[in-house]
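Everything on this sheet refers to the single structure shown next.
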Amino acid sequence: MDLNELKELIALMDDAALSEIELEEDGRRVCLKRASAAPVVSAPLVARPTEVPEPTAAPVSPREEAKSAHRHKVTSPIVGTFYTAPSPNTSPYISLGDLVKKGQVLCIVEAMKLMNEIESDVDGRIVKICVEDGAAVEYGETLFLIEPA
Amino acid sequence: MDLNELKELIALMDDAALSEIELEEDGRRVCLKRASAAPVVSAPLVARPTEVPEPTAAPVSPREEAKSAHRHKVTSPIVGTFYTAPSPNTSPYISLGDLVKKGQVLCIVEAMKLMNEIESDVDGRIVKICVEDGAAVEYGETLFLIEPA
Amino acid sequence: MFRKILIANRGEIAFRIIRACRELGVQTVAIHSEADADSLHVRFADESVCIGPADPAQSYRNIPNILSAAEITGAEAVHPGYGFLAENAHFADVCESAGIKFIGPLPECISAMGDKAKARDLMAKNGVPIIPGSEGIITEENEGIEVARKIGYPVIIKAVAGGGGRGMRVVHHETDFASAFHAAQSEAGAAFGNDGVYLEKFFIEPRHIEIQILADDKGKMIYFPERDCSIQRRHQKLVEESPSPVVDDRLRRELGKAANAAVTASRYVNAGTVEFLLDRDHNFYFIEMNTRIQVEHPISECVTGIDLVKEQIKIAAGKPLSIKQSQVKLHGHSFECRINAESPETFRPCPGAITAFHVPGGPGIRVDSASYMGSVITPYYDSLVAKLIVHDQTRAEAIAKMNGALSEFVIEGIETTLPLHKKIFEDPGFIKGRFSTTFLDHFLADFKS
Amino acid sequence: MFRKILIANRGEIAFRIIRACRELGVQTVAIHSEADADSLHVRFADESVCIGPADPAQSYRNIPNILSAAEITGAEAVHPGYGFLAENAHFADVCESAGIKFIGPLPECISAMGDKAKARDLMAKNGVPIIPGSEGIITEENEGIEVARKIGYPVIIKAVAGGGGRGMRVVHHETDFASAFHAAQSEAGAAFGNDGVYLEKFFIEPRHIEIQILADDKGKMIYFPERDCSIQRRHQKLVEESPSPVVDDRLRRELGKAANAAVTASRYVNAGTVEFLLDRDHNFYFIEMNTRIQVEHPISECVTGIDLVKEQIKIAAGKPLSIKQSQVKLHGHSFECRINAESPETFRPCPGAITAFHVPGGPGIRVDSASYMGSVITPYYDSLVAKLIVHDQTRAEAIAKMNGALSEFVIEGIETTLPLHKKIFEDPGFIKGRFSTTFLDHFLADFKS
């Protein structure tokens, strides 16, 4: 049985909405299975507002979209308050468009009166600052998008 | 086995609302499965014993099966007790294989001490007596199968 | 105790009765129409019998088939639930003739209470307050004025053949009586071909208060703390609570005394409810007596800890009431919401399949329902999907609990009254306990806009 | 009262606390791991904060992140639930240092009760009966015989470094003491490199009886009717009931007195549980004190009508206990079944997605659960799917009710202990109330075969 034959069988499965095909002939055996396409039950309990991807300023072209997939996310390793600068009177660690080095401090997240410096884990350019100065951040929340150099 | 044969099998599955077909013949074997089309939830709330079609005396050949679809069902219009004869000492109204006429009394269903005669609503031959003498019958329960003349 | 009971009903109340039987060790027979073959009451009964097609006249009201079902299954008693045959004296009668115990009062009692005019007369004779009014038709203006003076304004003039508000006039002052009287007469004559009118006292913003009673066949009886069922739309109750926010202990005892008088007068046996109208001055008047278990019975169970359905069965089995009046104690506060498969705005029934069903839980939450994910609300029967009942120490806590429970309740695939119930439990007037039977009319006008 | 509370837990207990807060008008902050983003406690809280990855050490036990979450959301208090950080004195301590009220006893009290030996000494000093035994290690055979005579046979010899039954011997008669003592010593030495052994009275078929208490910070306290939690497997409770089928009013008062003494001795504040071992002669002995709300708290709520979680919050907010001991009345009987996602035979956890979920309903049924159709029991946390609680007038009725409720409960997609619970509630010994902490071992041997 060659690939084309298999492809035909798969097409048949799709068309006929089959979950399994098994064939045995002349000592050959083929078995195709597909897990239940969509378990109804995985739907959330209550209709939550659909999580729309965060709107960007302008509609994104497919090309840009593709690029954004390659952007590196810097996420918060702790829960706390996000600050762009070491203190209210100093200038921010970085600005949009800045080139940063791996290990460079990007911001601080204050937790329990402790200032935790968050460093970049890649070299690249800051293409987005995702959180406003002084805002609360969760564990795993994206702080910056960096386009790796 | 070529694709057309498979397609025919799938058509058969659809027509008969089957979820699985397995064939083995001359060293060839084919098995087609379809995940329950219906959403999981339409299944009864609790696992009930699967309702197997009532077993008939002998395995039915596809041909006979096809015929049985054309058989006429005489159902009980009331709830009560099924009797084949007008009284314990008399002979039954009809026997298996009898030819009956429309309007002919086939049995009685006793309800609240009243004997209700159940008549045939077609001409034909009695091919099955579905209820035992003295048994309780529900509304809509099949009492006889008649092969229309 | 009975060995086996047939439940001549469907839906949540049939399931409720099955649960009670199960706990009493009594076997159950469910009956069902062809449309209800997959219902929970069928699934959880010990036996089931199909008794007809979907049309209730041919199934759940089909007396011969139901009695046959009892006979072929050997059921010793029939529980009628509410609706269908529950207040059908003929059904109760043929049950008894067939040697099957009808779980409810005697047929004579059902008949007597079913005739509203007779019931009213019986109550008046036995010292139960009734709505003041004329004795029969009034033909003369002056006669009417005299009656109106006696019962006090405002009064309502009603057509004896009436309905739909025609031939009906509310009169607030004697100066307006004559013109209203003649207008009502001619309107009634034009509308019904019968210009007979009668007079009744008219109540502004009354409350619907009812007293649940239990009476055994030994003459013993108890009454329960009142239920306030004023939140209704066209006599369909939507929210019930016990106790009423406006009834105090003294009034509660008076209501109980009147209910007991009604029970004695009608020689009532089993569970029943005496309905009263309560005016703004807290005078109460007999409306009617319901000779069956009621949809809203759970709130009385919650505030007293007494299982009314089990008691119904025990009474029917000839057991003496084991609860004394002094043991009927009011604990906390309870609400019931009737969640119907209806548009919350138009109240149009919305039958269909339930595609998601998740009930609230936790302390003080009770859900009586025969619905489940995948079950279908058919167009043949009532649109009740679930009764949501809460119980807490105080009215304020019970309201907070109901708010939370309503927000947890998920029913998808059909429209339900859940959004309306949520709004009611957020309404400041409702929260303060300030409402009457006119509440929902005003409320709905706001809700829709 | 607090304006906002952070709930440092997950699952049903987090949801339980949210419900209590909602009814008290308190806003809630849920915390959750990345694995729990779709959990009901997250959905029904007013706010939520992700505090770490699935691993509980990095999320639900991550003190800095949890405190930060409280800080950024402005929560004034933290409810720890049970498990995770609930009995972590350090956590309670840093909460207080951060100005966030820990809803539970003071850190010192958690520490004191957490050290089982110290707790035992404290109780003994304050007149709470403890399990009789040697004071520390016994090195001489004769010393052991003397202690054994004093406390009475049977006795158990245990290794101080022990565990898993090694270095452990039960002695029924003095004639067997010497050989058992030396065997235990050498076994302990071989197994743990420490041959120190001590002596304790051994109980045949004891019961696990516990007393729920509430104490405010004004020195006022109340105790609840006992819970019998003898149905357990390797110290995991499976079924709990209140009251115990073997405790009468007199014993209940004695247990209550002992629990009060424990509270006074430990200067306990908030909700807690004093656990006792009850022997066949109805003597009881202190085991330990749990300084948190317990999984089985709902049965105490059912039989008294008191909401323990609301009371916890009120006490933490500095309110005096509003309930007097005389108001803690025992009403009826309550059972709880812990339905776990486990094989009912091997008890192997069975995580997975729930493909069908339908809870029982009707009068006297309570379900505490954070599960729903489509929810996933993850392998990271405990396997509790739902707590099924029933309440009825008598133990027999409550058993009948539980039987019915278990048959109505539908959980598909994962294996659960439902079949085991059904069997337990059909067991003649269980039904008669004749069981001890050894019940489940015997029972499981039969169940598997």
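So you can find residues: chains in the structure tokens are A, B, ... in the order shown, residues in each start at 1, and ligands are numbered from 1 in order.
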Using only C-alpha atoms, which chain C residues lie at most 10 Å away from chain D, written as a PyMOL selection string? chain C and resi 12+15-20+22-25+40+43-44+298+301-302+305-307+331-332+356-373+387-389+391-393+396-405+407-408
Give as a PDB file with all heavy atoms, in the first residue's frame every residue of chain C that touches chain B within 7 Å, counting only C-alpha atoms.
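That gives us result.pdb:
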ATOM      1  N   VAL C  49     -44.514   1.816  33.672  1.00  0.00           N
ATOM      2  CA  VAL C  49     -45.534   1.395  32.703  1.00  0.00           C
ATOM      3  C   VAL C  49     -45.833   2.579  31.797  1.00  0.00           C
ATOM      4  O   VAL C  49     -46.125   3.677  32.283  1.00  0.00           O
ATOM      5  CB  VAL C  49     -46.837   0.960  33.420  1.00  0.00           C
ATOM      6  CG1 VAL C  49     -47.882   0.538  32.394  1.00  0.00           C
ATOM      7  CG2 VAL C  49     -46.584  -0.161  34.409  1.00  0.00           C
ATOM      8  N   CYS C  50     -45.757   2.327  30.485  1.00  0.00           N
ATOM      9  CA  CYS C  50     -46.160   3.359  29.524  1.00  0.00           C
ATOM     10  C   CYS C  50     -47.681   3.371  29.489  1.00  0.00           C
ATOM     11  O   CYS C  50     -48.311   2.325  29.322  1.00  0.00           O
ATOM     12  CB  CYS C  50     -45.578   3.051  28.148  1.00  0.00           C
ATOM     13  SG  CYS C  50     -46.093   4.240  26.890  1.00  0.00           S
ATOM     14  N   ILE C  51     -48.297   4.557  29.683  1.00  0.00           N
ATOM     15  CA  ILE C  51     -49.752   4.570  29.791  1.00  0.00           C
ATOM     16  C   ILE C  51     -50.428   5.402  28.702  1.00  0.00           C
ATOM     17  O   ILE C  51     -51.642   5.627  28.772  1.00  0.00           O
ATOM     18  CB  ILE C  51     -50.229   5.043  31.192  1.00  0.00           C
ATOM     19  CG1 ILE C  51     -49.386   6.216  31.715  1.00  0.00           C
ATOM     20  CG2 ILE C  51     -50.152   3.920  32.212  1.00  0.00           C
ATOM     21  CD1 ILE C  51     -49.865   7.544  31.375  1.00  0.00           C
ATOM     22  N   GLY C  52     -49.674   5.799  27.676  1.00  0.00           N
ATOM     23  CA  GLY C  52     -50.345   6.506  26.595  1.00  0.00           C
ATOM     24  C   GLY C  52     -49.409   7.385  25.794  1.00  0.00           C
ATOM     25  O   GLY C  52     -48.216   7.474  26.098  1.00  0.00           O
ATOM     26  N   ASN C  65     -56.203   3.656  32.116  1.00  0.00           N
ATOM     27  CA  ASN C  65     -54.857   3.114  31.928  1.00  0.00           C
ATOM     28  C   ASN C  65     -54.013   3.218  33.201  1.00  0.00           C
ATOM     29  O   ASN C  65     -53.221   2.328  33.506  1.00  0.00           O
ATOM     30  CB  ASN C  65     -54.144   3.825  30.769  1.00  0.00           C
ATOM     31  CG  ASN C  65     -54.514   3.193  29.436  1.00  0.00           C
ATOM     32  OD1 ASN C  65     -55.330   2.273  29.388  1.00  0.00           O
ATOM     33  ND2 ASN C  65     -53.924   3.674  28.356  1.00  0.00           N
ATOM     34  N   SER C  68     -55.245   0.529  35.529  1.00  0.00           N
ATOM     35  CA  SER C  68     -54.770  -0.764  35.030  1.00  0.00           C
ATOM     36  C   SER C  68     -53.307  -0.957  35.374  1.00  0.00           C
ATOM     37  O   SER C  68     -52.885  -2.052  35.748  1.00  0.00           O
ATOM     38  CB  SER C  68     -54.911  -0.843  33.508  1.00  0.00           C
ATOM     39  OG  SER C  68     -56.234  -1.087  33.169  1.00  0.00           O
ATOM     40  N   ALA C  69     -52.537   0.117  35.220  1.00  0.00           N
ATOM     41  CA  ALA C  69     -51.102   0.027  35.528  1.00  0.00           C
ATOM     42  C   ALA C  69     -50.912  -0.321  37.000  1.00  0.00           C
ATOM     43  O   ALA C  69     -50.050  -1.127  37.363  1.00  0.00           O
ATOM     44  CB  ALA C  69     -50.408   1.348  35.191  1.00  0.00           C
ATOM     45  N   ILE C  72     -51.898  -4.151  37.305  1.00  0.00           N
ATOM     46  CA  ILE C  72     -50.959  -5.163  36.776  1.00  0.00           C
ATOM     47  C   ILE C  72     -49.623  -5.156  37.531  1.00  0.00           C
ATOM     48  O   ILE C  72     -48.912  -6.154  37.516  1.00  0.00           O
ATOM     49  CB  ILE C  72     -50.709  -5.016  35.247  1.00  0.00           C
ATOM     50  CG1 ILE C  72     -50.031  -3.693  34.910  1.00  0.00           C
ATOM     51  CG2 ILE C  72     -51.995  -5.202  34.467  1.00  0.00           C
ATOM     52  CD1 ILE C  72     -49.572  -3.586  33.465  1.00  0.00           C
ATOM     53  N   MET C 373     -28.373  16.989  31.763  1.00  0.00           N
ATOM     54  CA  MET C 373     -27.752  17.363  30.500  1.00  0.00           C
ATOM     55  C   MET C 373     -28.183  16.359  29.439  1.00  0.00           C
ATOM     56  O   MET C 373     -27.959  15.158  29.604  1.00  0.00           O
ATOM     57  CB  MET C 373     -26.247  17.326  30.672  1.00  0.00           C
ATOM     58  CG  MET C 373     -25.521  17.678  29.421  1.00  0.00           C
ATOM     59  SD  MET C 373     -24.055  18.603  29.852  1.00  0.00           S
ATOM     60  CE  MET C 373     -23.318  18.777  28.237  1.00  0.00           C
ATOM     61  N   GLY C 374     -28.787  16.842  28.383  1.00  0.00           N
ATOM     62  CA  GLY C 374     -29.272  15.953  27.343  1.00  0.00           C
ATOM     63  C   GLY C 374     -30.767  15.701  27.451  1.00  0.00           C
ATOM     64  O   GLY C 374     -31.362  15.182  26.512  1.00  0.00           O
TER      65      GLY C 374
END
Identify all chain A residues at most 6 Å from chain B by counting only C-alpha atoms; ligands do not count. Present them as a PyMOL selection string.
chain A and resi 18-25
Running DSSP on the backbone, which parts of range 174-347 of chain D land in strand (DSSP E), as a PyMOL selection string? chain D and resi 197-201+207-215+221-223+227-233+236-242+270-278+284-290+333-340
Leaving out Asn88 in chain D and any residue of its chain fewer than 2 positions from it, which residues lie within 12 Å of it when counting only C-alpha atoms, given as a compact mmCIF listing (two decimals) with C-alpha atoms, in the first residue's frame?
# COMPACT_ATOMS: atom_id res chain seq x y z
CA ARG D 61 2.56 26.37 48.92
CA ASN D 62 4.44 29.33 47.47
CA ILE D 63 4.22 31.74 50.39
CA PRO D 80 -6.10 28.74 54.16
CA GLY D 81 -8.78 26.02 53.81
CA TYR D 82 -7.36 22.58 54.64
CA GLY D 83 -4.10 21.03 53.42
CA PHE D 84 -1.41 23.12 51.70
CA LEU D 85 -0.55 25.96 54.13
CA ALA D 86 -3.47 25.49 56.51
CA HIS D 90 5.30 30.08 59.43
CA PHE D 91 2.70 31.07 56.88
CA ALA D 92 0.34 32.24 59.62
CA ASP D 93 3.22 34.20 61.08
CA VAL D 94 4.26 36.00 57.89
CA CYS D 95 0.61 36.77 57.12
CA PHE D 102 -4.74 34.65 58.93
CA GLY D 104 -7.21 30.42 61.96
CA PRO D 105 -5.47 30.18 65.32
CA LEU D 106 -2.29 32.08 66.22
CA PRO D 107 1.03 30.77 64.84
CA GLU D 108 2.18 29.69 68.33
CA CYS D 109 -0.92 27.59 68.71
CA ILE D 110 -0.45 25.94 65.30
CA SER D 111 3.15 25.14 66.26
CA ALA D 112 2.23 23.78 69.65
CA MET D 113 -0.45 21.49 68.27
CA GLY D 114 1.75 20.49 65.34
CA ASP D 115 4.30 18.93 67.70
CA ASN D 290 -6.37 19.86 63.96
CA THR D 291 -5.97 23.59 63.70
CA ARG D 292 -8.05 24.16 60.57
Long-range neighbours of Arg120 in chain C as a tab-separated table (two decimals) with N, CA, C and O atoms, in the first residue's frame, 12 Å cut-off, only C-alpha atoms, 5 positions minimum in chain:
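Output below, filename selection_4.tsv:
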chain	number	residue	atom	x	y	z
C	112	ALA	N	-65.83	19.09	47.56
C	112	ALA	CA	-66.33	20.24	48.33
C	112	ALA	C	-65.39	21.42	48.19
C	112	ALA	O	-65.82	22.56	47.99
C	113	MET	N	-64.08	21.17	48.24
C	113	MET	CA	-63.12	22.27	48.15
C	113	MET	C	-62.95	22.74	46.71
C	113	MET	O	-62.51	23.87	46.46
C	114	GLY	N	-63.31	21.87	45.77
C	114	GLY	CA	-63.18	22.23	44.34
C	114	GLY	C	-64.25	23.23	43.92
C	114	GLY	O	-64.05	24.00	42.99
C	115	ASP	N	-65.39	23.20	44.59
C	115	ASP	CA	-66.47	24.17	44.30
C	115	ASP	C	-66.20	25.40	45.15
C	115	ASP	O	-66.50	25.44	46.34
C	125	LYS	N	-69.29	29.70	57.52
C	125	LYS	CA	-70.08	29.07	58.60
C	125	LYS	C	-69.20	28.61	59.76
C	125	LYS	O	-69.67	28.46	60.87
C	126	ASN	N	-67.94	28.33	59.46
C	126	ASN	CA	-67.07	27.78	60.50
C	126	ASN	C	-66.07	28.80	61.05
C	126	ASN	O	-65.03	28.42	61.60
C	127	GLY	N	-66.41	30.06	60.82
C	127	GLY	CA	-65.63	31.10	61.46
C	127	GLY	C	-64.32	31.43	60.79
C	127	GLY	O	-63.49	32.14	61.37
C	128	VAL	N	-64.13	30.96	59.57
C	128	VAL	CA	-62.92	31.33	58.84
C	128	VAL	C	-63.25	32.60	58.06
C	128	VAL	O	-64.22	32.62	57.31
C	129	PRO	N	-62.45	33.67	58.22
C	129	PRO	CA	-62.80	34.93	57.53
C	129	PRO	C	-62.79	34.75	56.01
C	129	PRO	O	-61.86	34.14	55.46
C	130	ILE	N	-63.81	35.25	55.36
C	130	ILE	CA	-63.85	35.22	53.89
C	130	ILE	C	-63.89	36.65	53.38
C	130	ILE	O	-64.13	37.58	54.14
C	131	ILE	N	-63.64	36.83	52.09
C	131	ILE	CA	-63.64	38.18	51.51
C	131	ILE	C	-65.05	38.73	51.59
C	131	ILE	O	-65.99	38.11	51.06
C	132	PRO	N	-65.25	39.87	52.26
C	132	PRO	CA	-66.61	40.40	52.38
C	132	PRO	C	-67.17	40.78	51.01
C	132	PRO	O	-66.42	41.23	50.14
C	133	GLY	N	-68.49	40.58	50.85
C	133	GLY	CA	-69.11	40.92	49.58
C	133	GLY	C	-70.61	40.71	49.65
C	133	GLY	O	-71.15	40.41	50.71
C	135	GLU	N	-74.22	38.93	48.96
C	135	GLU	CA	-74.63	37.53	48.85
C	135	GLU	C	-75.32	37.37	47.52
C	135	GLU	O	-76.50	37.63	47.38
C	262	ALA	N	-60.49	25.42	59.07
C	262	ALA	CA	-60.80	24.97	57.70
C	262	ALA	C	-60.67	23.45	57.60
C	262	ALA	O	-61.49	22.78	56.95
C	265	ALA	N	-63.61	21.86	59.48
C	265	ALA	CA	-64.87	22.06	58.76
C	265	ALA	C	-64.99	21.12	57.57
C	265	ALA	O	-66.07	20.60	57.27
C	266	SER	N	-63.88	20.88	56.89
C	266	SER	CA	-63.94	20.07	55.66
C	266	SER	C	-63.59	18.61	55.93
C	266	SER	O	-63.53	17.82	55.01
C	274	VAL	N	-54.23	25.93	52.89
C	274	VAL	CA	-55.30	26.91	52.95
C	274	VAL	C	-54.71	28.24	52.50
C	274	VAL	O	-53.75	28.73	53.09
C	275	GLU	N	-55.27	28.77	51.42
C	275	GLU	CA	-54.75	30.02	50.86
C	275	GLU	C	-55.54	31.22	51.37
C	275	GLU	O	-56.77	31.18	51.41
C	276	PHE	N	-54.79	32.24	51.76
C	276	PHE	CA	-55.41	33.45	52.26
C	276	PHE	C	-54.90	34.67	51.50
C	276	PHE	O	-53.79	34.67	50.99
C	285	TYR	N	-58.14	36.74	54.66
C	285	TYR	CA	-59.40	36.23	54.15
C	285	TYR	C	-59.13	34.95	53.37
C	285	TYR	O	-58.20	34.90	52.56
C	286	PHE	N	-59.97	33.95	53.62
C	286	PHE	CA	-59.86	32.67	52.91
C	286	PHE	C	-60.05	32.86	51.41
C	286	PHE	O	-60.97	33.54	50.97
C	287	ILE	N	-59.18	32.27	50.61
C	287	ILE	CA	-59.39	32.27	49.15
C	287	ILE	C	-59.86	30.88	48.72
C	287	ILE	O	-60.95	30.70	48.21
C	288	GLU	N	-59.02	29.89	48.95
C	288	GLU	CA	-59.41	28.52	48.60
C	288	GLU	C	-58.50	27.54	49.33
C	288	GLU	O	-57.49	27.93	49.93
C	289	MET	N	-58.88	26.26	49.24
C	289	MET	CA	-58.05	25.23	49.85
C	289	MET	C	-57.56	24.31	48.75
C	289	MET	O	-58.36	23.84	47.92
task = Run DSSP on the backbone and grab whatever in range 110-354 of chain C lands in alpha helix (DSSP H); send it over as a ChimeraX atom specification.
result = /C:110-114,116-125,141-151,177-192,249-265,297-304,308-316
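Counting from CA of Arg233 in chain C, the distance to CA of His282 in chain C is 22.3 Å.
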